[in-house]
$ cat model.txt   # compact mmCIF, C-alpha atoms
# COMPACT_ATOMS: atom_id res chain seq x y z
CA MET A 1 158.53 54.83 74.35
CA LEU A 2 157.47 53.35 77.68
CA ILE A 3 161.06 52.94 78.88
CA ASP A 4 162.07 55.99 80.90
CA ASN A 5 165.69 57.15 80.60
CA PRO A 6 167.12 54.11 78.80
CA SER A 7 170.71 54.16 80.01
CA PRO A 8 173.85 52.77 78.32
CA PHE A 9 174.03 50.20 81.13
CA PHE A 10 170.45 49.05 80.50
CA ALA A 11 171.19 48.79 76.78
CA SER A 12 174.11 46.50 77.62
CA VAL A 13 172.00 44.04 79.68
CA VAL A 14 168.48 44.14 78.21
CA ALA A 15 167.30 40.81 76.79
CA CYS A 16 164.19 39.14 75.46
CA PRO A 17 161.98 38.27 78.45
CA ILE A 18 161.17 34.89 76.87
CA GLY A 19 164.16 33.69 74.84
CA LYS A 20 166.74 35.76 76.79
CA GLU A 21 168.59 36.74 73.60
CA ARG A 22 170.05 40.24 73.63
CA LEU A 23 167.84 43.07 72.46
CA SER A 24 168.84 46.22 70.59
CA PHE A 25 167.12 49.58 70.45
CA VAL A 26 165.64 50.11 66.99
CA GLY A 27 163.57 53.22 66.42
CA ASP A 28 160.92 53.43 69.15
CA GLY A 29 161.27 49.86 70.33
CA LEU A 30 163.51 46.86 70.89
CA ARG A 31 164.38 44.02 68.53
CA ALA A 32 166.05 40.61 68.91
CA PRO A 33 168.40 39.06 66.31
CA SER A 34 165.63 36.54 65.55
CA GLY A 35 163.37 39.40 64.49
CA LEU A 36 161.13 39.37 67.56
CA SER A 37 160.27 42.95 68.44
CA TYR A 38 158.91 44.91 71.39
CA PRO A 39 157.27 48.05 70.02
CA ASN A 40 157.27 51.04 72.32
CA GLY A 41 159.62 49.23 74.71
CA ASP A 42 156.82 47.30 76.43
CA LEU A 43 158.54 44.22 77.92
CA ARG A 44 155.54 42.97 79.90
CA VAL A 45 155.11 39.53 78.35
CA GLY A 46 155.30 35.93 79.48
CA LEU A 47 152.26 35.38 81.70
CA GLU A 48 148.49 35.39 81.43
CA PHE A 49 147.30 36.78 84.73
CA SER A 50 144.10 35.93 86.54
CA ASP A 51 141.31 38.46 86.97
CA GLN A 52 142.08 38.47 90.70
CA TRP A 53 145.72 39.41 90.07
CA ARG A 54 144.70 42.15 87.65
CA LYS A 55 142.22 43.60 90.13
CA GLY A 56 144.85 43.54 92.87
CA GLN A 57 147.36 45.28 90.62
CA ASP A 58 144.84 47.94 89.63
CA ASP A 59 144.03 48.57 93.30
CA TYR A 60 147.72 48.86 94.16
CA GLU A 61 148.42 51.26 91.30
CA ARG A 62 145.58 53.53 92.41
CA TYR A 63 146.94 53.49 95.96
CA HIS A 64 150.46 54.24 94.73
CA GLU A 65 149.30 57.12 92.55
CA ARG A 66 147.56 58.70 95.55
CA TRP A 67 150.72 58.31 97.65
CA MET A 68 152.77 60.02 94.94
CA GLN A 69 150.40 62.99 95.17
CA GLY A 70 151.25 63.50 98.84
CA ASP A 71 153.40 66.09 100.55
CA GLU A 72 157.02 66.51 101.58
CA ARG A 73 156.35 65.40 105.15
CA SER A 74 155.10 61.95 104.11
CA TYR A 75 158.19 61.37 101.94
CA VAL A 76 160.54 62.41 104.74
CA GLU A 77 158.79 59.93 107.03
CA THR A 78 159.15 57.19 104.41
CA ASP A 79 162.87 57.88 104.10
CA ASP A 80 163.32 57.89 107.88
CA GLU A 81 161.65 54.49 108.11
CA SER A 82 164.10 52.95 105.62
CA ARG A 83 167.36 54.68 106.58
CA ASP A 84 168.57 52.15 109.17
CA VAL A 85 167.55 49.22 106.97
CA TYR A 86 169.62 50.28 103.98
CA ALA A 87 172.53 51.34 106.17
CA ALA A 88 172.61 47.74 107.42
CA LEU A 89 172.16 46.12 104.01
CA LEU A 90 174.83 48.17 102.22
CA MET A 91 173.77 47.60 98.61
CA SER A 92 176.32 48.73 96.04
CA GLY A 93 177.39 48.20 92.45
CA SER A 94 174.76 47.43 89.84
CA VAL A 95 171.25 47.10 91.28
CA LEU A 96 168.11 45.72 89.66
CA ASP A 97 165.09 47.06 91.55
CA ILE A 98 162.06 44.85 90.88
CA GLY A 99 158.67 46.36 91.66
CA GLY A 100 160.24 49.69 92.51
CA ALA A 101 157.88 51.85 90.40
CA PRO A 102 159.56 55.33 90.30
CA GLY A 103 162.74 53.95 91.89
CA ILE A 104 162.94 55.81 95.20
CA VAL A 105 165.29 53.20 96.67
CA ALA A 106 168.00 54.66 94.44
CA GLN A 107 167.88 57.79 96.61
CA GLN A 108 167.13 56.10 99.91
CA ALA A 109 170.06 53.69 99.56
CA ASN A 110 172.32 56.21 97.76
CA LEU A 111 172.77 54.02 94.69
CA ASP A 112 174.65 54.84 91.50
CA ILE A 113 172.00 55.88 88.96
CA ALA A 114 174.29 54.90 86.07
CA SER A 115 174.10 51.19 87.00
CA TYR A 116 170.59 51.14 88.48
CA VAL A 117 167.56 49.71 86.65
CA CYS A 118 163.97 49.64 87.92
CA LEU A 119 161.48 47.16 86.45
CA ASP A 120 157.80 47.29 87.35
CA ALA A 121 154.46 46.14 85.96
CA GLN A 122 153.38 49.77 86.31
CA VAL A 123 154.61 52.26 83.71
CA CYS A 124 156.34 55.25 85.30
CA LYS A 125 157.50 58.23 83.24
CA TRP A 126 159.20 60.96 85.25
CA ARG A 127 157.95 63.70 82.95
CA ASP A 128 154.39 62.91 84.09
CA ILE A 129 155.23 63.79 87.71
CA ALA A 130 158.05 66.30 87.17
CA ASN A 131 156.20 69.21 88.79
CA SER A 132 155.10 67.33 91.90
CA ALA A 133 156.35 67.46 95.48
CA PHE A 134 157.29 63.83 95.02
CA ALA A 135 159.61 64.61 92.10
CA ARG A 136 161.22 67.51 93.95
CA HIS A 137 161.88 65.37 97.01
CA TYR A 138 163.24 62.40 95.03
CA ALA A 139 165.21 64.46 92.53
CA HIS A 140 168.08 61.93 92.59
CA CYS A 141 165.75 59.46 90.87
CA ALA A 142 164.85 61.69 87.92
CA LYS A 143 167.44 60.12 85.61
CA ALA A 144 166.92 56.52 86.76
CA CYS A 145 166.18 53.95 84.08
CA ARG A 146 162.66 52.54 84.45
CA ALA A 147 161.08 49.90 82.21
CA PRO A 148 157.77 48.01 82.23
CA ALA A 149 158.33 44.28 82.82
CA PHE A 150 157.21 41.36 84.93
CA ALA A 151 159.35 39.82 87.66
CA GLU A 152 158.56 36.32 86.43
CA PHE A 153 160.08 37.01 83.00
CA LEU A 154 162.91 39.50 83.45
CA PRO A 155 164.17 41.15 80.26
CA ILE A 156 167.75 40.93 81.52
CA SER A 157 170.82 38.92 80.50
CA ALA A 158 172.20 36.32 82.90
CA SER A 159 174.80 37.12 85.58
CA THR A 160 174.77 40.89 85.13
CA PHE A 161 173.75 42.45 88.49
CA ASP A 162 175.43 42.71 91.88
CA TYR A 163 172.10 43.11 93.69
CA VAL A 164 168.45 42.40 93.02
CA HIS A 165 166.12 44.38 95.30
CA MET A 166 162.46 43.58 95.99
CA ARG A 167 160.58 45.71 98.53
CA SER A 168 156.91 45.19 99.33
CA CYS A 169 156.29 43.46 96.03
CA ILE A 170 156.97 39.73 96.15
CA ASP A 171 153.55 39.20 97.74
CA HIS A 172 152.00 40.85 94.67
CA PHE A 173 153.63 38.55 92.12
CA ALA A 174 151.58 36.03 90.15
CA ASN A 175 154.33 33.43 90.68
CA PRO A 176 156.79 34.38 93.46
CA LEU A 177 158.98 31.28 93.03
CA LEU A 178 159.44 31.90 89.31
CA ALA A 179 160.32 35.54 90.06
CA LEU A 180 162.98 34.43 92.57
CA LYS A 181 164.46 31.95 90.09
CA GLU A 182 164.67 34.74 87.53
CA SER A 183 166.45 36.90 90.10
CA PHE A 184 168.91 34.06 90.67
CA ARG A 185 169.58 33.93 86.92
CA VAL A 186 170.37 37.64 86.49
CA LEU A 187 172.62 37.89 89.58
CA LYS A 188 176.36 37.52 89.30
CA PRO A 189 177.85 34.49 91.14
CA SER A 190 178.75 36.83 94.00
CA GLY A 191 175.43 38.69 93.78
CA ARG A 192 172.93 39.23 96.56
CA LEU A 193 169.14 39.33 96.75
CA VAL A 194 167.37 41.76 99.10
CA VAL A 195 163.70 41.15 99.92
CA GLY A 196 161.64 43.41 102.18
CA LEU A 197 158.20 42.20 103.14
CA SER A 198 155.35 42.54 105.62
CA LEU A 199 154.97 39.10 107.21
CA GLU A 200 152.10 37.20 108.74
CA GLY A 201 152.44 36.65 112.46
CA ALA A 202 155.93 38.15 112.63
CA TYR A 203 156.12 40.87 115.27
CA LYS A 204 159.59 41.68 116.50
CA LYS A 205 158.36 43.71 119.45
CA GLY A 206 155.70 41.20 120.44
CA GLN A 207 152.70 43.35 119.61
CA GLY A 208 150.48 43.27 116.57
CA GLY A 209 148.08 46.08 117.32
CA LEU A 210 144.32 46.37 116.93
CA LEU A 211 144.31 46.26 113.11
CA GLN A 212 146.27 43.02 113.00
CA SER A 213 144.01 41.50 115.67
CA LEU A 214 140.98 42.34 113.54
CA LYS A 215 142.60 40.79 110.45
CA ILE A 216 143.38 37.60 112.36
CA ALA A 217 139.79 37.41 113.61
CA VAL A 218 138.42 37.87 110.08
CA LYS A 219 140.71 35.18 108.66
CA ARG A 220 139.76 32.53 111.22
CA THR A 221 136.92 31.29 109.02
CA ASP A 222 137.36 30.22 105.42
CA PHE A 223 134.33 32.22 104.27
CA ALA A 224 135.44 35.48 105.92
CA ARG A 225 139.01 35.02 104.70
CA GLU A 226 137.84 34.48 101.12
CA LEU A 227 135.69 37.61 101.21
CA TYR A 228 138.51 39.70 102.73
CA GLU A 229 141.14 38.56 100.23
CA ARG A 230 138.81 38.85 97.24
CA PHE A 231 137.47 42.36 97.89
CA PHE A 232 139.93 44.13 100.21
CA ASP A 233 143.37 42.59 99.75
CA HIS A 234 145.60 43.04 96.68
CA HIS A 235 148.29 40.57 97.81
CA THR A 236 148.61 37.17 96.16
CA PHE A 237 149.91 35.43 99.28
CA HIS A 238 150.76 36.13 102.91
CA PRO A 239 153.96 34.39 104.01
CA THR A 240 155.24 33.93 107.52
CA ARG A 241 158.95 34.45 108.18
CA GLU A 242 159.48 30.70 107.96
CA ALA A 243 157.54 30.42 104.70
CA LEU A 244 159.51 33.27 103.14
CA ILE A 245 162.84 31.68 104.03
CA ALA A 246 161.61 28.30 102.74
CA LEU A 247 160.60 29.98 99.46
CA LEU A 248 164.04 31.56 99.12
CA ASN A 249 165.65 28.18 99.77
CA ARG A 250 163.52 26.60 97.02
CA ALA A 251 164.90 29.21 94.64
CA ASP A 252 168.47 28.27 95.67
CA PHE A 253 169.12 31.25 97.94
CA SER A 254 170.59 31.15 101.44
CA VAL A 255 169.63 33.91 103.89
CA GLU A 256 172.73 35.54 105.36
CA LYS A 257 171.24 38.58 107.12
CA GLU A 258 167.91 39.68 108.58
CA VAL A 259 167.04 43.31 109.35
CA TRP A 260 163.77 44.28 111.02
CA ALA A 261 162.31 47.67 110.05
CA GLU A 262 162.15 49.59 113.33
CA ALA A 263 159.14 51.65 112.23
CA TYR A 264 156.93 48.56 111.95
CA HIS A 265 156.37 45.38 113.92
CA ASN A 266 156.15 42.93 111.03
CA VAL A 267 158.38 44.17 108.19
CA LEU A 268 161.50 42.11 107.66
CA PHE A 269 164.30 42.63 105.16
CA VAL A 270 166.50 39.67 104.29
CA ARG A 271 169.72 39.59 102.31
CA ALA A 272 170.41 36.27 100.63
CA ARG A 273 173.22 34.84 98.55
CA LYS A 274 173.09 32.31 95.73
CA HIS A 275 173.77 28.66 96.37
CA HIS A 276 176.74 27.64 94.26
CA ALA A 277 177.55 24.46 92.41
CA PRO A 278 180.80 22.72 93.45
CA GLY A 279 183.76 24.52 91.95
CA GLU A 280 181.84 27.65 90.97
CA ALA A 281 183.70 30.84 91.82
CA HIS A 282 182.02 33.08 94.36
CA SER A 283 182.76 35.47 97.18
$ encode --input "model.txt" --output "C-alpha cells"
Amino acid sequence: MLIDNPSPFFASVVACPIGKERLSFVGDGLRAPSGLSYPNGDLRVGLEFSDQWRKGQDDYERYHERWMQGDERSYVETDDESRDVYAALLMSGSVLDIGGAPGIVAQQANLDIASYVCLDAQVCKWRDIANSAFARHYAHCAKACRAPAFAEFLPISASTFDYVHMRSCIDHFANPLLALKESFRVLKPSGRLVVGLSLEGAYKKGQGGLLQSLKIAVKRTDFARELYERFFDHHTFHPTREALIALLNRADFSVEKEVWAEAYHNVLFVRARKHHAPGEAHS
C-alpha cells in the first residue's frame, strides 16, 4: 500500500477525493459505499496535469531526493531556520500538512503524530529511507501518516482539522485557488491555514542579493522569462506578497499574522482564518 502508517485518525477522516464520501480500508486499498475503490491507497486523482507541471514535479522530486541523502549538519540548519517561525505560529491539535513529503514539520513544530496527516503528490515510505541520516535525525516523523494525494482534490472529510499547513508548495500546485478552497473545506470553523512561501520582490531586509538580481534581469524580457520558466523553474507561479494575500482572500481566508523567516530575505509565513457566514460559530 502507498499509504505510510495509516493511523486511526486518518481512517476516521479519509474521504473520496472526488465525491467526498467516507472511505473504508478494505484489503490493500480503500473503498467508498458507492463501490468506488482506490487500489493500493493511491488517492492522486481529480486533475489532468500539463506536461509542464509534470516536468516541474519530476525536477522537484529529484531535488528533494538529493536533499534527503544529505548529512546531519544540513538538517540541523534546516531546523534552525524554521524554529522561530513555528514558535510564533503555534500550531496545535490536528494538522493536515499538504506538500510535506516525509512530514518533517511534525518534528520541527513539535506536533502530535497521532493527529497529524501528510498528503503529497510524491509517495514517501519511511522504510525506504529508514537507514539514512535523514531518518535518524527526523526520528519523530517515523510513525507519521503519509498518503499520496493532490492538494486540489483532498481525500479528507469536511471540517475535520484544526490547522492546514502548506510550506514551499503552493507555488507548485496546478491550481492554487482550488487547493486553498479545499483547505477551507477541511478546516474546522475555528481552523487556521498556514502558508509559507518564497515571494517575488519581497525582501524584509531590503536586499535581494546577486542571484535575485540576475533572475530579475532575465525576466525583464518575455522571451528570456519564458525560457527560464520552461527549462529551469519548477514553480507554476511566482506571487508577490500582495498577490498571495489577494489569493487567500479569494479563497475566503483573512490573514491574521505574518512571520518573516529570519534566515531568508523573501520567505514569508502567513496564518489565516476562515471567513464566516453570519451566525456561524467560530473562535
$ closest_atom_pairs --input "model.txt" --of "region 109-168 of chain A" --to "region 92-98 of chain A" --cutoff "7 Å" --atoms "only C-alpha atoms" --output "JSON lines"
{"residue": "A:Leu111", "atom": "CA", "partner": "A:Ser92", "partner_atom": "CA", "distance": 6.5}
{"residue": "A:Ser115", "atom": "CA", "partner": "A:Ser94", "partner_atom": "CA", "distance": 4.8}
{"residue": "A:Tyr116", "atom": "CA", "partner": "A:Val95", "partner_atom": "CA", "distance": 5.0}
{"residue": "A:Val117", "atom": "CA", "partner": "A:Leu96", "partner_atom": "CA", "distance": 5.0}
{"residue": "A:Cys118", "atom": "CA", "partner": "A:Asp97", "partner_atom": "CA", "distance": 4.6}
{"residue": "A:Leu119", "atom": "CA", "partner": "A:Ile98", "partner_atom": "CA", "distance": 5.0}
{"residue": "A:Asp120", "atom": "CA", "partner": "A:Ile98", "partner_atom": "CA", "distance": 6.0}
{"residue": "A:Ala151", "atom": "CA", "partner": "A:Ile98", "partner_atom": "CA", "distance": 6.6}
{"residue": "A:Phe161", "atom": "CA", "partner": "A:Ser94", "partner_atom": "CA", "distance": 5.3}
{"residue": "A:Asp162", "atom": "CA", "partner": "A:Ser94", "partner_atom": "CA", "distance": 5.2}
{"residue": "A:Tyr163", "atom": "CA", "partner": "A:Val95", "partner_atom": "CA", "distance": 4.7}
{"residue": "A:Val164", "atom": "CA", "partner": "A:Leu96", "partner_atom": "CA", "distance": 4.7}
{"residue": "A:His165", "atom": "CA", "partner": "A:Asp97", "partner_atom": "CA", "distance": 4.7}
{"residue": "A:Met166", "atom": "CA", "partner": "A:Ile98", "partner_atom": "CA", "distance": 5.3}
$ atom_distance --input "model.txt" --atom1 "CA of Pro33 (chain A)" --atom2 "CA of Pro17 (chain A)"
13.8 Å
$ residues_around --input "model.txt" --residues "region 20-25 of chain A" --least-positions-apart "4" --cutoff "9 Å" --atoms "only C-alpha atoms" --output "list in words"
Ala11, Ser12, Val13, Val14, Ala15, Cys16, Gly29, Leu30, Arg31, Ala32, Pro33, Ser34, Ser37, Gly41, Leu154, Pro155, Ile156, Ser157 and Ala158 of chain A
$ write_last_selection --input "model.txt" --atoms "C-alpha atoms" --output "JSON list (two decimals), in the coordinates of the input"
[["chain", "number", "residue", "atom", "x", "y", "z"],
["A", 11, "ALA", "CA", 171.19, 48.79, 76.78],
["A", 12, "SER", "CA", 174.11, 46.50, 77.62],
["A", 13, "VAL", "CA", 172.00, 44.04, 79.68],
["A", 14, "VAL", "CA", 168.48, 44.14, 78.21],
["A", 15, "ALA", "CA", 167.30, 40.81, 76.79],
["A", 16, "CYS", "CA", 164.19, 39.14, 75.46],
["A", 29, "GLY", "CA", 161.27, 49.86, 70.33],
["A", 30, "LEU", "CA", 163.51, 46.86, 70.89],
["A", 31, "ARG", "CA", 164.38, 44.02, 68.53],
["A", 32, "ALA", "CA", 166.05, 40.61, 68.91],
["A", 33, "PRO", "CA", 168.40, 39.06, 66.31],
["A", 34, "SER", "CA", 165.63, 36.54, 65.55],
["A", 37, "SER", "CA", 160.27, 42.95, 68.44],
["A", 41, "GLY", "CA", 159.62, 49.23, 74.71],
["A", 154, "LEU", "CA", 162.91, 39.50, 83.45],
["A", 155, "PRO", "CA", 164.17, 41.15, 80.26],
["A", 156, "ILE", "CA", 167.75, 40.93, 81.52],
["A", 157, "SER", "CA", 170.82, 38.92, 80.50],
["A", 158, "ALA", "CA", 172.20, 36.32, 82.90]]
$ closest_atom_pairs --input "model.txt" --of "region 80-199 of chain A" --to "region 246-255 of chain A" --cutoff "8 Å" --atoms "all atoms listed in the file" --output "JSON lines"
{"residue": "A:Leu177", "atom": "CA", "partner": "A:Ala251", "partner_atom": "CA", "distance": 6.5}
{"residue": "A:Leu180", "atom": "CA", "partner": "A:Ala251", "partner_atom": "CA", "distance": 5.9}
{"residue": "A:Lys181", "atom": "CA", "partner": "A:Ala251", "partner_atom": "CA", "distance": 5.3}
{"residue": "A:Phe184", "atom": "CA", "partner": "A:Ala251", "partner_atom": "CA", "distance": 7.4}
$ atom_distance --input "model.txt" --atom1 "CA of Trp260 (chain A)" --atom2 "CA of Ser82 (chain A)"
10.2 Å
